Amino acid sequence: ICIDGQGRVIGSEIQTSLLEKGRSCAFFQQERNFHIFYMLCYYKHEKCAPDPGEKQDTDTSDMVDMLGEKAHKYLKHAKEYNFVRPGAIEVDNEGQLYSERFRASDIDWFKRVIKSFRVSLGYTKQDTDEMMSLLTGILHMGQIEFTDEDAAKVVDSTRKDLEIVADCFGMDAKEFEEEIVLERIMMGGSLIDKTLNKVKAMSSRDAICKSVFQTIFTDIVERCNTSVCGDKDKAKGRVGVLDIFGFERMQFNSLEQICINYTNEKLHQTFINE
């Protein structure tokens, strides 16, 4: 938060670090994935009234405009996607399905998100349509499976999902498949294609999901900074507001999660000691 010589707020800037992008392609239990994935699915498929006592707009008659053509065409129910299924079918401590608990608020918030993108952050309808298409592609990436052999291939029953992802990403399906299952190695001054095994092909698939999600997130932050920068260059002082992840213990912990947890603990200790 940037302030002038009289202590007045004249602008601000957002900085990011340690985006938990691994969540975009993880199979968590008793926990939701990023909210935007459920917002997409519920806006396409759920019909419900506002929660009691809440002023929510749950009218989805404008779904084609809000979702965009490709997302509207390909989106399935949240419970059908591997990456987000647990957060759609699990129940909370009171025995209520997460899907029933959050669907009205997710629909309402999705409408607010798209409108704020277009009104406050300068996104055009084409921009938001393409963003929702990329997010839909990530969901379908989680449906792609590979044969269990040294030279992995996409399982025939999931090839339709690969074609959907390619369309959502604006790529040729054959070229996209090669990006997932092939590793290019420089040998003797030439690039040699080597087919990955199943485990490495899955890692390649997940790496693409993480990269796409981070690119979307970074673009949103950049646009937010353009919107709220004000006269930050004239600032005489700054006030930092830090928002960091809490320590998380997942059913399956990755190296990335260990690094995040370790960094959180070190940051907490720094604030306590200083």
# chains A, B, ... in the order shown; residues from 1 in each chain; ligands from 1
>>> select_by_dssp(residues="stretch 66-232 of chain A", states="alpha helix (DSSP H)", output="number ranges by chain")
A: 66-67, 69-74, 85-89, 98-120, 125-141, 159-169, 173-181, 198-228
>>> residues_around(residues="A:Ile1", least_positions_apart="5", cutoff="10 Å", atoms="only C-alpha atoms", output="count of residues only")
16
>>> residues_around(residues="stretch 53-55 of chain A", least_positions_apart="2", cutoff="12 Å", atoms="only C-alpha atoms", output="list in words")
Ala49, Pro50, Asp51, Asp57, Thr58, Ala104, Ser105, Asp108 and Trp109 of chain A
>>> closest_residue(among="A:Gln269, A:Gly95, A:Asp206, A:Ile138", to="A:Phe169", atoms="only C-alpha atoms")
A:Ile138
>>> residues_around(residues="A:Lys70", least_positions_apart="3", cutoff="8 Å", atoms="only C-alpha atoms", output="ChimeraX atom specification")
/A:67,73-74,129,133,168
>>> residues_around(residues="A:Gln15", least_positions_apart="4", cutoff="12 Å", atoms="only C-alpha atoms", output="list in words")
Ile1, Leu19, Phe217, Thr218, Ile220, Val221, Glu222, Cys224, Asn225, Gly240, Val241, Leu242, Asp243 and Ile244 of chain A
>>> residues_around(residues="stretch 207-209 of chain A", least_positions_apart="6", cutoff="12 Å", atoms="only C-alpha atoms", output="PDB file with N, CA and C atoms, in the first residue's frame")
ATOM      1  N   LYS A  21       0.180 -23.802  -7.419  1.00  0.00           N
ATOM      2  CA  LYS A  21      -0.341 -24.277  -8.698  1.00  0.00           C
ATOM      3  C   LYS A  21      -0.475 -25.792  -8.748  1.00  0.00           C
ATOM      4  N   GLY A  22       0.259 -26.485  -7.875  1.00  0.00           N
ATOM      5  CA  GLY A  22       0.145 -27.936  -7.832  1.00  0.00           C
ATOM      6  C   GLY A  22      -1.259 -28.396  -7.495  1.00  0.00           C
ATOM      7  N   ARG A  23      -2.026 -27.539  -6.847  1.00  0.00           N
ATOM      8  CA  ARG A  23      -3.406 -27.875  -6.500  1.00  0.00           C
ATOM      9  C   ARG A  23      -4.270 -28.039  -7.744  1.00  0.00           C
ATOM     10  N   SER A  24      -3.910 -27.356  -8.836  1.00  0.00           N
ATOM     11  CA  SER A  24      -4.740 -27.392 -10.041  1.00  0.00           C
ATOM     12  C   SER A  24      -4.854 -28.786 -10.632  1.00  0.00           C
ATOM     13  N   CYS A  25      -3.891 -29.662 -10.341  1.00  0.00           N
ATOM     14  CA  CYS A  25      -3.929 -31.007 -10.933  1.00  0.00           C
ATOM     15  C   CYS A  25      -3.719 -32.080  -9.872  1.00  0.00           C
ATOM     16  N   ALA A  26      -4.193 -31.822  -8.643  1.00  0.00           N
ATOM     17  CA  ALA A  26      -4.018 -32.792  -7.560  1.00  0.00           C
ATOM     18  C   ALA A  26      -5.363 -33.396  -7.176  1.00  0.00           C
ATOM     19  N   PHE A  83      -9.770 -34.135 -11.372  1.00  0.00           N
ATOM     20  CA  PHE A  83      -9.062 -33.111 -10.610  1.00  0.00           C
ATOM     21  C   PHE A  83      -9.927 -32.448  -9.542  1.00  0.00           C
ATOM     22  N   LEU A 134      -9.326 -22.178 -21.438  1.00  0.00           N
ATOM     23  CA  LEU A 134      -8.095 -22.761 -20.898  1.00  0.00           C
ATOM     24  C   LEU A 134      -8.376 -23.532 -19.607  1.00  0.00           C
ATOM     25  N   LEU A 135      -9.206 -22.968 -18.737  1.00  0.00           N
ATOM     26  CA  LEU A 135      -9.536 -23.646 -17.485  1.00  0.00           C
ATOM     27  C   LEU A 135     -10.317 -24.936 -17.739  1.00  0.00           C
ATOM     28  N   THR A 136     -11.202 -24.902 -18.730  1.00  0.00           N
ATOM     29  CA  THR A 136     -11.926 -26.120 -19.116  1.00  0.00           C
ATOM     30  C   THR A 136     -10.947 -27.160 -19.635  1.00  0.00           C
ATOM     31  N   GLY A 137      -9.945 -26.702 -20.386  1.00  0.00           N
ATOM     32  CA  GLY A 137      -8.916 -27.611 -20.881  1.00  0.00           C
ATOM     33  C   GLY A 137      -8.158 -28.286 -19.750  1.00  0.00           C
ATOM     34  N   ILE A 138      -7.855 -27.530 -18.695  1.00  0.00           N
ATOM     35  CA  ILE A 138      -7.162 -28.118 -17.538  1.00  0.00           C
ATOM     36  C   ILE A 138      -8.009 -29.227 -16.923  1.00  0.00           C
ATOM     37  N   LEU A 139      -9.306 -28.995 -16.790  1.00  0.00           N
ATOM     38  CA  LEU A 139     -10.187 -30.023 -16.226  1.00  0.00           C
ATOM     39  C   LEU A 139     -10.145 -31.302 -17.060  1.00  0.00           C
ATOM     40  N   HIS A 140     -10.167 -31.159 -18.364  1.00  0.00           N
ATOM     41  CA  HIS A 140     -10.150 -32.338 -19.227  1.00  0.00           C
ATOM     42  C   HIS A 140      -8.765 -32.979 -19.280  1.00  0.00           C
ATOM     43  N   MET A 141      -7.721 -32.229 -18.972  1.00  0.00           N
ATOM     44  CA  MET A 141      -6.380 -32.825 -18.896  1.00  0.00           C
ATOM     45  C   MET A 141      -6.355 -33.935 -17.857  1.00  0.00           C
ATOM     46  N   GLY A 142      -7.100 -33.730 -16.777  1.00  0.00           N
ATOM     47  CA  GLY A 142      -7.136 -34.728 -15.715  1.00  0.00           C
ATOM     48  C   GLY A 142      -7.818 -36.011 -16.111  1.00  0.00           C
ATOM     49  N   ILE A 144      -7.200 -37.480 -19.081  1.00  0.00           N
ATOM     50  CA  ILE A 144      -6.315 -38.185 -20.010  1.00  0.00           C
ATOM     51  C   ILE A 144      -5.494 -39.232 -19.259  1.00  0.00           C
ATOM     52  N   VAL A 165      -9.080 -30.939 -25.034  1.00  0.00           N
ATOM     53  CA  VAL A 165      -8.025 -30.074 -24.490  1.00  0.00           C
ATOM     54  C   VAL A 165      -7.342 -29.315 -25.622  1.00  0.00           C
ATOM     55  N   PHE A 169      -7.166 -25.323 -26.006  1.00  0.00           N
ATOM     56  CA  PHE A 169      -5.866 -24.651 -26.014  1.00  0.00           C
ATOM     57  C   PHE A 169      -5.515 -24.069 -27.387  1.00  0.00           C
ATOM     58  N   PHE A 176      -0.420 -31.717 -29.982  1.00  0.00           N
ATOM     59  CA  PHE A 176      -0.554 -31.615 -28.529  1.00  0.00           C
ATOM     60  C   PHE A 176      -0.198 -32.939 -27.855  1.00  0.00           C
ATOM     61  N   GLU A 177      -0.622 -34.044 -28.449  1.00  0.00           N
ATOM     62  CA  GLU A 177      -0.276 -35.352 -27.887  1.00  0.00           C
ATOM     63  C   GLU A 177       1.233 -35.543 -27.849  1.00  0.00           C
ATOM     64  N   GLU A 179       3.441 -33.256 -27.507  1.00  0.00           N
ATOM     65  CA  GLU A 179       3.985 -32.420 -26.433  1.00  0.00           C
ATOM     66  C   GLU A 179       3.909 -33.141 -25.094  1.00  0.00           C
ATOM     67  N   ILE A 180       2.921 -34.018 -24.938  1.00  0.00           N
ATOM     68  CA  ILE A 180       2.748 -34.713 -23.659  1.00  0.00           C
ATOM     69  C   ILE A 180       3.621 -35.958 -23.559  1.00  0.00           C
ATOM     70  N   VAL A 181       3.656 -36.752 -24.613  1.00  0.00           N
ATOM     71  CA  VAL A 181       4.284 -38.079 -24.517  1.00  0.00           C
ATOM     72  C   VAL A 181       5.708 -38.130 -25.046  1.00  0.00           C
ATOM     73  N   LYS A 200       6.233 -40.588 -16.433  1.00  0.00           N
ATOM     74  CA  LYS A 200       6.756 -39.325 -16.951  1.00  0.00           C
ATOM     75  C   LYS A 200       5.729 -38.605 -17.823  1.00  0.00           C
ATOM     76  N   ALA A 201       4.913 -39.360 -18.530  1.00  0.00           N
ATOM     77  CA  ALA A 201       3.866 -38.744 -19.340  1.00  0.00           C
ATOM     78  C   ALA A 201       2.839 -38.056 -18.442  1.00  0.00           C
ATOM     79  N   THR A 215       0.067 -19.040 -15.667  1.00  0.00           N
ATOM     80  CA  THR A 215       0.023 -17.971 -16.664  1.00  0.00           C
ATOM     81  C   THR A 215      -1.259 -17.158 -16.535  1.00  0.00           C
ATOM     82  N   ILE A 216      -2.382 -17.842 -16.333  1.00  0.00           N
ATOM     83  CA  ILE A 216      -3.661 -17.149 -16.144  1.00  0.00           C
ATOM     84  C   ILE A 216      -3.611 -16.289 -14.889  1.00  0.00           C
TER      85      ILE A 216
END
>>> residues_around(residues="A:Met66", least_positions_apart="5", cutoff="12 Å", atoms="only C-alpha atoms", output="PyMOL selection string")
chain A and resi 39-40+43-44+59-61+71-72+107-118+124-133
>>> write_last_selection(atoms="N, CA and C atoms", output="PDB file, in the first residue's frame")
ATOM      1  N   MET A  39     -16.997 -23.174  -9.885  1.00  0.00           N
ATOM      2  CA  MET A  39     -17.854 -22.111 -10.414  1.00  0.00           C
ATOM      3  C   MET A  39     -18.231 -22.386 -11.863  1.00  0.00           C
ATOM      4  N   LEU A  40     -17.236 -22.787 -12.653  1.00  0.00           N
ATOM      5  CA  LEU A  40     -17.482 -23.099 -14.061  1.00  0.00           C
ATOM      6  C   LEU A  40     -18.521 -24.208 -14.213  1.00  0.00           C
ATOM      7  N   TYR A  43     -22.049 -23.301 -12.873  1.00  0.00           N
ATOM      8  CA  TYR A  43     -22.744 -22.313 -13.709  1.00  0.00           C
ATOM      9  C   TYR A  43     -23.341 -22.979 -14.942  1.00  0.00           C
ATOM     10  N   LYS A  44     -22.665 -24.001 -15.429  1.00  0.00           N
ATOM     11  CA  LYS A  44     -23.169 -24.708 -16.616  1.00  0.00           C
ATOM     12  C   LYS A  44     -24.304 -25.666 -16.273  1.00  0.00           C
ATOM     13  N   ASP A  59     -29.225 -16.806 -11.416  1.00  0.00           N
ATOM     14  CA  ASP A  59     -29.783 -16.945 -12.761  1.00  0.00           C
ATOM     15  C   ASP A  59     -28.645 -17.265 -13.723  1.00  0.00           C
ATOM     16  N   THR A  60     -28.718 -18.427 -14.381  1.00  0.00           N
ATOM     17  CA  THR A  60     -27.660 -18.842 -15.307  1.00  0.00           C
ATOM     18  C   THR A  60     -28.133 -18.846 -16.761  1.00  0.00           C
ATOM     19  N   SER A  61     -29.178 -18.088 -17.052  1.00  0.00           N
ATOM     20  CA  SER A  61     -29.693 -18.055 -18.423  1.00  0.00           C
ATOM     21  C   SER A  61     -28.701 -17.408 -19.384  1.00  0.00           C
ATOM     22  N   ALA A  71     -16.112 -23.376 -23.444  1.00  0.00           N
ATOM     23  CA  ALA A  71     -16.389 -23.850 -22.090  1.00  0.00           C
ATOM     24  C   ALA A  71     -17.827 -24.345 -21.995  1.00  0.00           C
ATOM     25  N   HIS A  72     -18.749 -23.611 -22.584  1.00  0.00           N
ATOM     26  CA  HIS A  72     -20.155 -24.019 -22.566  1.00  0.00           C
ATOM     27  C   HIS A  72     -20.350 -25.345 -23.290  1.00  0.00           C
ATOM     28  N   ILE A 107     -22.155 -19.973  -8.078  1.00  0.00           N
ATOM     29  CA  ILE A 107     -22.809 -19.377  -9.251  1.00  0.00           C
ATOM     30  C   ILE A 107     -22.817 -17.860  -9.128  1.00  0.00           C
ATOM     31  N   ASP A 108     -23.177 -17.364  -7.949  1.00  0.00           N
ATOM     32  CA  ASP A 108     -23.221 -15.916  -7.708  1.00  0.00           C
ATOM     33  C   ASP A 108     -21.836 -15.292  -7.861  1.00  0.00           C
ATOM     34  N   TRP A 109     -20.829 -15.929  -7.299  1.00  0.00           N
ATOM     35  CA  TRP A 109     -19.479 -15.378  -7.359  1.00  0.00           C
ATOM     36  C   TRP A 109     -18.888 -15.468  -8.763  1.00  0.00           C
ATOM     37  N   PHE A 110     -19.236 -16.489  -9.508  1.00  0.00           N
ATOM     38  CA  PHE A 110     -18.737 -16.570 -10.884  1.00  0.00           C
ATOM     39  C   PHE A 110     -19.258 -15.384 -11.698  1.00  0.00           C
ATOM     40  N   LYS A 111     -20.516 -15.066 -11.515  1.00  0.00           N
ATOM     41  CA  LYS A 111     -21.089 -13.924 -12.221  1.00  0.00           C
ATOM     42  C   LYS A 111     -20.339 -12.645 -11.840  1.00  0.00           C
ATOM     43  N   ARG A 112     -20.025 -12.505 -10.549  1.00  0.00           N
ATOM     44  CA  ARG A 112     -19.292 -11.315 -10.091  1.00  0.00           C
ATOM     45  C   ARG A 112     -17.875 -11.284 -10.660  1.00  0.00           C
ATOM     46  N   VAL A 113     -17.228 -12.439 -10.704  1.00  0.00           N
ATOM     47  CA  VAL A 113     -15.856 -12.514 -11.216  1.00  0.00           C
ATOM     48  C   VAL A 113     -15.796 -12.061 -12.664  1.00  0.00           C
ATOM     49  N   ILE A 114     -16.664 -12.619 -13.513  1.00  0.00           N
ATOM     50  CA  ILE A 114     -16.652 -12.277 -14.936  1.00  0.00           C
ATOM     51  C   ILE A 114     -16.973 -10.803 -15.140  1.00  0.00           C
ATOM     52  N   LYS A 115     -17.957 -10.301 -14.413  1.00  0.00           N
ATOM     53  CA  LYS A 115     -18.320  -8.891 -14.561  1.00  0.00           C
ATOM     54  C   LYS A 115     -17.183  -7.982 -14.105  1.00  0.00           C
ATOM     55  N   SER A 116     -16.508  -8.331 -13.016  1.00  0.00           N
ATOM     56  CA  SER A 116     -15.402  -7.500 -12.543  1.00  0.00           C
ATOM     57  C   SER A 116     -14.221  -7.564 -13.502  1.00  0.00           C
ATOM     58  N   PHE A 117     -13.985  -8.733 -14.101  1.00  0.00           N
ATOM     59  CA  PHE A 117     -12.934  -8.842 -15.115  1.00  0.00           C
ATOM     60  C   PHE A 117     -13.199  -7.865 -16.262  1.00  0.00           C
ATOM     61  N   ARG A 118     -14.444  -7.843 -16.729  1.00  0.00           N
ATOM     62  CA  ARG A 118     -14.781  -7.042 -17.906  1.00  0.00           C
ATOM     63  C   ARG A 118     -14.924  -5.552 -17.592  1.00  0.00           C
ATOM     64  N   THR A 124     -11.772  -8.124 -22.309  1.00  0.00           N
ATOM     65  CA  THR A 124     -12.880  -8.160 -23.259  1.00  0.00           C
ATOM     66  C   THR A 124     -13.607  -9.491 -23.105  1.00  0.00           C
ATOM     67  N   LYS A 125     -14.762  -9.606 -23.753  1.00  0.00           N
ATOM     68  CA  LYS A 125     -15.472 -10.891 -23.721  1.00  0.00           C
ATOM     69  C   LYS A 125     -14.604 -11.982 -24.319  1.00  0.00           C
ATOM     70  N   GLN A 126     -13.880 -11.682 -25.389  1.00  0.00           N
ATOM     71  CA  GLN A 126     -12.993 -12.674 -25.987  1.00  0.00           C
ATOM     72  C   GLN A 126     -11.922 -13.120 -24.999  1.00  0.00           C
ATOM     73  N   ASP A 127     -11.400 -12.169 -24.214  1.00  0.00           N
ATOM     74  CA  ASP A 127     -10.387 -12.503 -23.210  1.00  0.00           C
ATOM     75  C   ASP A 127     -10.935 -13.489 -22.174  1.00  0.00           C
ATOM     76  N   THR A 128     -12.107 -13.197 -21.632  1.00  0.00           N
ATOM     77  CA  THR A 128     -12.671 -14.080 -20.605  1.00  0.00           C
ATOM     78  C   THR A 128     -13.092 -15.413 -21.204  1.00  0.00           C
ATOM     79  N   ASP A 129     -13.577 -15.393 -22.446  1.00  0.00           N
ATOM     80  CA  ASP A 129     -13.937 -16.645 -23.112  1.00  0.00           C
ATOM     81  C   ASP A 129     -12.706 -17.546 -23.251  1.00  0.00           C
ATOM     82  N   GLU A 130     -11.590 -16.959 -23.658  1.00  0.00           N
ATOM     83  CA  GLU A 130     -10.364 -17.735 -23.822  1.00  0.00           C
ATOM     84  C   GLU A 130      -9.849 -18.236 -22.477  1.00  0.00           C
ATOM     85  N   MET A 131      -9.976 -17.431 -21.433  1.00  0.00           N
ATOM     86  CA  MET A 131      -9.545 -17.859 -20.110  1.00  0.00           C
ATOM     87  C   MET A 131     -10.372 -19.049 -19.628  1.00  0.00           C
ATOM     88  N   MET A 132     -11.692 -18.982 -19.794  1.00  0.00           N
ATOM     89  CA  MET A 132     -12.558 -20.083 -19.376  1.00  0.00           C
ATOM     90  C   MET A 132     -12.301 -21.325 -20.220  1.00  0.00           C
ATOM     91  N   SER A 133     -11.934 -21.126 -21.480  1.00  0.00           N
ATOM     92  CA  SER A 133     -11.589 -22.252 -22.351  1.00  0.00           C
ATOM     93  C   SER A 133     -10.329 -22.949 -21.838  1.00  0.00           C
TER      94      SER A 133
END
>>> select_by_dssp(residues="stretch 146-222 of chain A", states="strand (DSSP E or B)", output="PyMOL selection string")
chain A and resi 146+154+182-187+190-195
>>> closest_residue(among="A:Asp231, A:Asp219, A:Glu178, A:Asp172", to="A:Ile3", atoms="only C-alpha atoms")
A:Asp231
>>> closest_residue(among="A:Arg205, A:Tyr123, A:Gly170, A:Glu175", to="A:Phe146", atoms="only C-alpha atoms")
A:Arg205
>>> atom_distance(atom1="atom CA of A:Thr158", atom2="atom CA of A:Asn82")
12.4 Å
